[in-house]
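Down below is the structure, laid out as structure tokens.
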Amino acid sequence: MRRAMAATALTFAALLLPSVPARAQSGPPHLTSTQLLAQERRWNGKTVVFEGEVVGSPFLRGRLTWVTVSDGNAIGVLLPASQAAKVRAFGSYSEHGDMVAVTGVFWRTDPAEGGETDIVGRSIRILKPGYPVDHPTDPVMWWTGGALAVLASGLWLLLRRQTQRAAAAKNAD
């Protein structure tokens with residue numbers, strides 16, 4: 001009986017052990033956009049780390065640059081231009097953007113930016129560089145599209161011919 005209880009206790013300990021952090025987290029908390037937006041009052045004005053893909057285009061504004069970072073929800077990040085220059089790939093249809101970790105102050109309503117929700121970043125770290133996206137086309141789509149174009153042209157010609165015949169018959173009367 002004692003062996004069974006000890007085995008059960010060891011099994012539970014083995015299952016729970018990976019969920020316990022090995023050491024206390026140092027530095028600002030790593031948060032998702034969902035966490036930030038769900039608890040925006042709690043994190044307002046606090047330093048956080050936000051990870052995601054840089055998407056869209058950078059917007060230079062003097063010594064600062066706006067970039068958009070998305071982890072499913074996009075958040076505008078205002079960075080020193082020297083930090084933003086580290087980003088090489090911006091996500092678009094043809095390219096995955098750099099995956100980054102931004103450290104900065106989260107603002108629920110940034111007083112310096114007219115009340116926008118944003119992160120005023122101090123630093124950005126590239127976690128994974130961006131890369132091109134290949135969008136292969138299915139040959140069946142091309143053939144289907146071509147066949148439908150031929151069919152539509154044939155129907156248009158048939159309708160045009162019938163309209164001309166009807167107009168000619170009407171003029172003959």
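Chain labels A, B, ... are given in the sequence in which chains occur in the structure tokens; within each chain residues are numbered consecutively from 1, and ligands are likewise numbered from 1 in the order shown.
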
Original post:
What's the 6 Å shell around region 65-67 of chain A, counting only C-alpha atoms, without same-chain residues fewer than 5 positions away, as a PyMOL selection string?
Top reply: chain A and resi 58-60+76-79+81

Original post:
Hey, what's within 7 Å of Asp118 (chain A) if we count only C-alpha atoms and toss same-chain stuff fewer than 4 positions away? As JSON, numbers by chain, please?
Top reply: {"A": [75, 76, 77, 106, 107, 108, 110]}

Subject >> Between CA of Ala149 (chain A) and CA of Ala166 (chain A), distance in Å (one decimal) >> reply: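 Rounded to one decimal, the two atoms are 25.7 Å apart.
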
**OP:** Within 12 Å of Lys46 (chain A), counting only C-alpha atoms, which residues show up once you throw out same-chain ones fewer than 4 positions away? Write them as an MDAnalysis selection string, please.
**Re:** chainID A and resid 27:31 36 39:42 103:108 110 118:121

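If only C-alpha atoms are the atoms counted, then among A:Ala167, A:Ser82, A:Ser92, A:Gly114 the closest residue to Arg63 (chain A) is A:Ser82.
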
**OP:** Please indicate the distance in Å from CA of Ser26 (chain A) to CA of Phe50 (chain A), rounded to one decimal place.
**Re:** 15.1 Å

**OP:** Using CA of Trp43 (chain A) and CA of Gly130 (chain A) as the two end points, give the distance in Å to one decimal.
**Re:**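 Going from CA of Trp43 (chain A) over to CA of Gly130 (chain A), I get 29.0 Å.
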
**OP:** Please provide as a ChimeraX atom specification all residues within 12 Å of Val55 (chain A), with the sequence filter that same-chain residues fewer than 6 positions apart are discarded (counting only C-alpha atoms).
**Re:** /A:66-77,87-100,130

**OP:** Could you find all residues in region 19-66 of chain A that DSSP calls helix (DSSP H, G or I) from the backbone, and write them as a VMD selection string?
**Re:** chain A and resid 19 33 to 38 40 to 43

Original post:
Taking the backbone alone, and naming residues the way the document does, which bits of region 13-164 of chain A are strand (DSSP E) by DSSP, as a count of residues only?
Top reply: 60

Original post:
Between A:Val150, A:Leu64, A:Val140, A:Val54, which is the closest to Ala101 (chain A) once you count only C-alpha atoms?
Top reply: A:Val54
